[in-house]
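S.K.: Sharing a structure below in structure tokens format, with a few things to ask.
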Amino acid sequence: MHLVGKCPPTPAELDDAADRGFDSVELHLRPPDLDDVAATAAIVEQSPVSAASVHTLHACPDEPEPFRRSDALAEHLDAYLVVHSQYAQHTHTDQLDSYDFAAPCGYENNPGASQFSLATLLLDRGHDLVLDTAHLFMSEPAYLDSLSALLENYGDQIQVVHFTDGTALADGLAFGDGDIPL
């Protein structure tokens, strides 16, 4: 298992991640980070941490450029692409697949996406899942049973886990700030 931090690709944030003890991070992108993919890649390459994964922008699924640029950055950095947007549901997977991502990638589960939905729309169709524990907690009343079933039945299709705390209404909380039995 490889534990990574998450931060924007700025020198200060990357240095802070290293100071917190991380060797690598998931890049949380903002629109300016993709204006010049090569420049953003250079910032990361010159930092004390590497990029394990690159999280796509929260863009509309019918806007291919942010997804393609996120993919280009992930490919340049030899990182895993986390395909996720608050504007896209798992029913948009075929549209997103049409962008022909070059980097290895997986689709992050959205809040509200049940275990059944994830299996039907992603996993049983051969896609990887980026499993966000807080999003699953928000979606499943039997959270631990669903988490166990996903890991047991599809563990080889889960390359990245976003391991955060959450409540029924909030995700991405620090450990101990939510209600998830971590």
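Convention: chains lettered A, B, ... in structure tokens order; per-chain residue numbering from 1; ligands numbered from 1 as shown.
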Which of stretch 98-162 of chain A counts as strand (DSSP E) under DSSP, as number ranges by chain please?

M.R.: A: 105-108, 129-132, 160-162

S.K.: Just N, CA, C and O atoms for this one: save the residues we selected as a PDB file, in the first residue's frame.

M.R.:
```pdb
ATOM      1  N   CYS A 105      -6.284   4.724 -15.778  1.00  0.00           N
ATOM      2  CA  CYS A 105      -7.276   5.550 -15.085  1.00  0.00           C
ATOM      3  C   CYS A 105      -8.364   4.719 -14.427  1.00  0.00           C
ATOM      4  O   CYS A 105      -8.554   3.545 -14.739  1.00  0.00           O
ATOM      5  N   GLY A 106      -9.068   5.373 -13.519  1.00  0.00           N
ATOM      6  CA  GLY A 106     -10.232   4.810 -12.857  1.00  0.00           C
ATOM      7  C   GLY A 106     -11.226   5.913 -12.592  1.00  0.00           C
ATOM      8  O   GLY A 106     -10.872   7.097 -12.553  1.00  0.00           O
ATOM      9  N   TYR A 107     -12.476   5.519 -12.426  1.00  0.00           N
ATOM     10  CA  TYR A 107     -13.566   6.454 -12.178  1.00  0.00           C
ATOM     11  C   TYR A 107     -13.878   6.492 -10.687  1.00  0.00           C
ATOM     12  O   TYR A 107     -14.151   5.457 -10.082  1.00  0.00           O
ATOM     13  N   GLU A 108     -13.821   7.688 -10.109  1.00  0.00           N
ATOM     14  CA  GLU A 108     -14.129   7.847  -8.689  1.00  0.00           C
ATOM     15  C   GLU A 108     -15.629   7.765  -8.467  1.00  0.00           C
ATOM     16  O   GLU A 108     -16.410   8.330  -9.227  1.00  0.00           O
ATOM     17  N   LEU A 129     -12.258   1.376 -10.448  1.00  0.00           N
ATOM     18  CA  LEU A 129     -12.952   2.269  -9.523  1.00  0.00           C
ATOM     19  C   LEU A 129     -11.924   2.932  -8.626  1.00  0.00           C
ATOM     20  O   LEU A 129     -11.047   2.268  -8.074  1.00  0.00           O
ATOM     21  N   VAL A 130     -12.006   4.248  -8.492  1.00  0.00           N
ATOM     22  CA  VAL A 130     -11.271   4.969  -7.463  1.00  0.00           C
ATOM     23  C   VAL A 130     -12.262   5.105  -6.313  1.00  0.00           C
ATOM     24  O   VAL A 130     -13.260   5.814  -6.415  1.00  0.00           O
ATOM     25  N   LEU A 131     -12.021   4.368  -5.260  1.00  0.00           N
ATOM     26  CA  LEU A 131     -12.981   4.235  -4.165  1.00  0.00           C
ATOM     27  C   LEU A 131     -12.789   5.338  -3.135  1.00  0.00           C
ATOM     28  O   LEU A 131     -11.771   5.383  -2.447  1.00  0.00           O
ATOM     29  N   ASP A 132     -13.759   6.221  -3.054  1.00  0.00           N
ATOM     30  CA  ASP A 132     -13.762   7.288  -2.051  1.00  0.00           C
ATOM     31  C   ASP A 132     -14.627   6.815  -0.886  1.00  0.00           C
ATOM     32  O   ASP A 132     -15.839   6.631  -1.032  1.00  0.00           O
ATOM     33  N   VAL A 160      -6.799   2.842  -6.438  1.00  0.00           N
ATOM     34  CA  VAL A 160      -6.649   4.022  -5.597  1.00  0.00           C
ATOM     35  C   VAL A 160      -7.852   4.090  -4.650  1.00  0.00           C
ATOM     36  O   VAL A 160      -8.994   3.879  -5.063  1.00  0.00           O
ATOM     37  N   VAL A 161      -7.573   4.394  -3.384  1.00  0.00           N
ATOM     38  CA  VAL A 161      -8.627   4.615  -2.392  1.00  0.00           C
ATOM     39  C   VAL A 161      -8.427   6.011  -1.813  1.00  0.00           C
ATOM     40  O   VAL A 161      -7.333   6.329  -1.338  1.00  0.00           O
ATOM     41  N   HIS A 162      -9.463   6.821  -1.895  1.00  0.00           N
ATOM     42  CA  HIS A 162      -9.467   8.106  -1.189  1.00  0.00           C
ATOM     43  C   HIS A 162     -10.010   7.812   0.203  1.00  0.00           C
ATOM     44  O   HIS A 162     -11.213   7.651   0.393  1.00  0.00           O
TER      45      HIS A 162
END
```

S.K.: With a distance cut-off of 7 Å and only C-alpha atoms, select the neighbouring residues of A:Lys6, excluding the residue or stretch itself and same-chain residues fewer than 6 positions from it, and output the selection as a list in words.

M.R.: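 The contact residues come out as Val25, Glu26, Leu27 and His28 of chain A.
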
S.K.: I want to know what sits within 12 Å of A:Ala72, based on only C-alpha atoms, with residues of the same chain fewer than 2 positions away left out; could you give that as a PyMOL selection string?

M.R.: chain A and resi 33-38+40-41+54-56+65-70+74-81+99-105

S.K.: For A:Asp124, which of A:Gln95, A:Arg20, A:Phe175, A:Gln157 is the closest residue, counting only C-alpha atoms?

M.R.: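 Closest candidate: A:Gln157.
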
S.K.: Which is closer to A:Pro32 than all the others in A:Thr10, A:Thr93, A:Gln86, A:Ser146, using only C-alpha atoms?

M.R.: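 Of the candidates, the smallest distance to A:Pro32 is held by A:Thr10.
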
S.K.: Could you jot down the atom CA of A:Thr167 to atom CA of A:Val4 separation for me, Å, one decimal place?

M.R.: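 One can read the atom CA of A:Thr167 to atom CA of A:Val4 distance as 22.3 Å.
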
S.K.: Have a look at atom CA of A:Ser47 and atom CA of A:Ala59 and let me know their distance in Å, one decimal.

M.R.: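 Computing the Euclidean distance for atom CA of A:Ser47 and atom CA of A:Ala59 yields 26.7 Å.
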
S.K.: Tell me, in Å to one decimal, how far atom CA of A:Ala170 is from atom CA of A:Ala119.

M.R.: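 Separation of atom CA of A:Ala170 and atom CA of A:Ala119: 23.4 Å.
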
S.K.: Just checking: using only C-alpha atoms, which residue out of A:Ile43, A:His2, A:Glu63, A:Leu122 ends up closest to A:His90?

M.R.: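 Looking only at the distances to A:His90, the closest residue turns out to be A:Leu122.
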
S.K.: Mind checking DSSP for stretch 45-166 of chain A and telling me the helix (DSSP H, G or I) residues as number ranges by chain?

M.R.: A: 45, 64-76, 90-97, 115-121, 123-125, 133-139, 143-157

S.K.: Here is a test: counting only C-alpha atoms, which residue of A:Ser139, A:Thr91, A:Thr164, A:Ser148 is nearest to A:Ser114?

M.R.: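 Nearest candidate to A:Ser114 out of A:Ser139, A:Thr91, A:Thr164, A:Ser148: A:Ser139.
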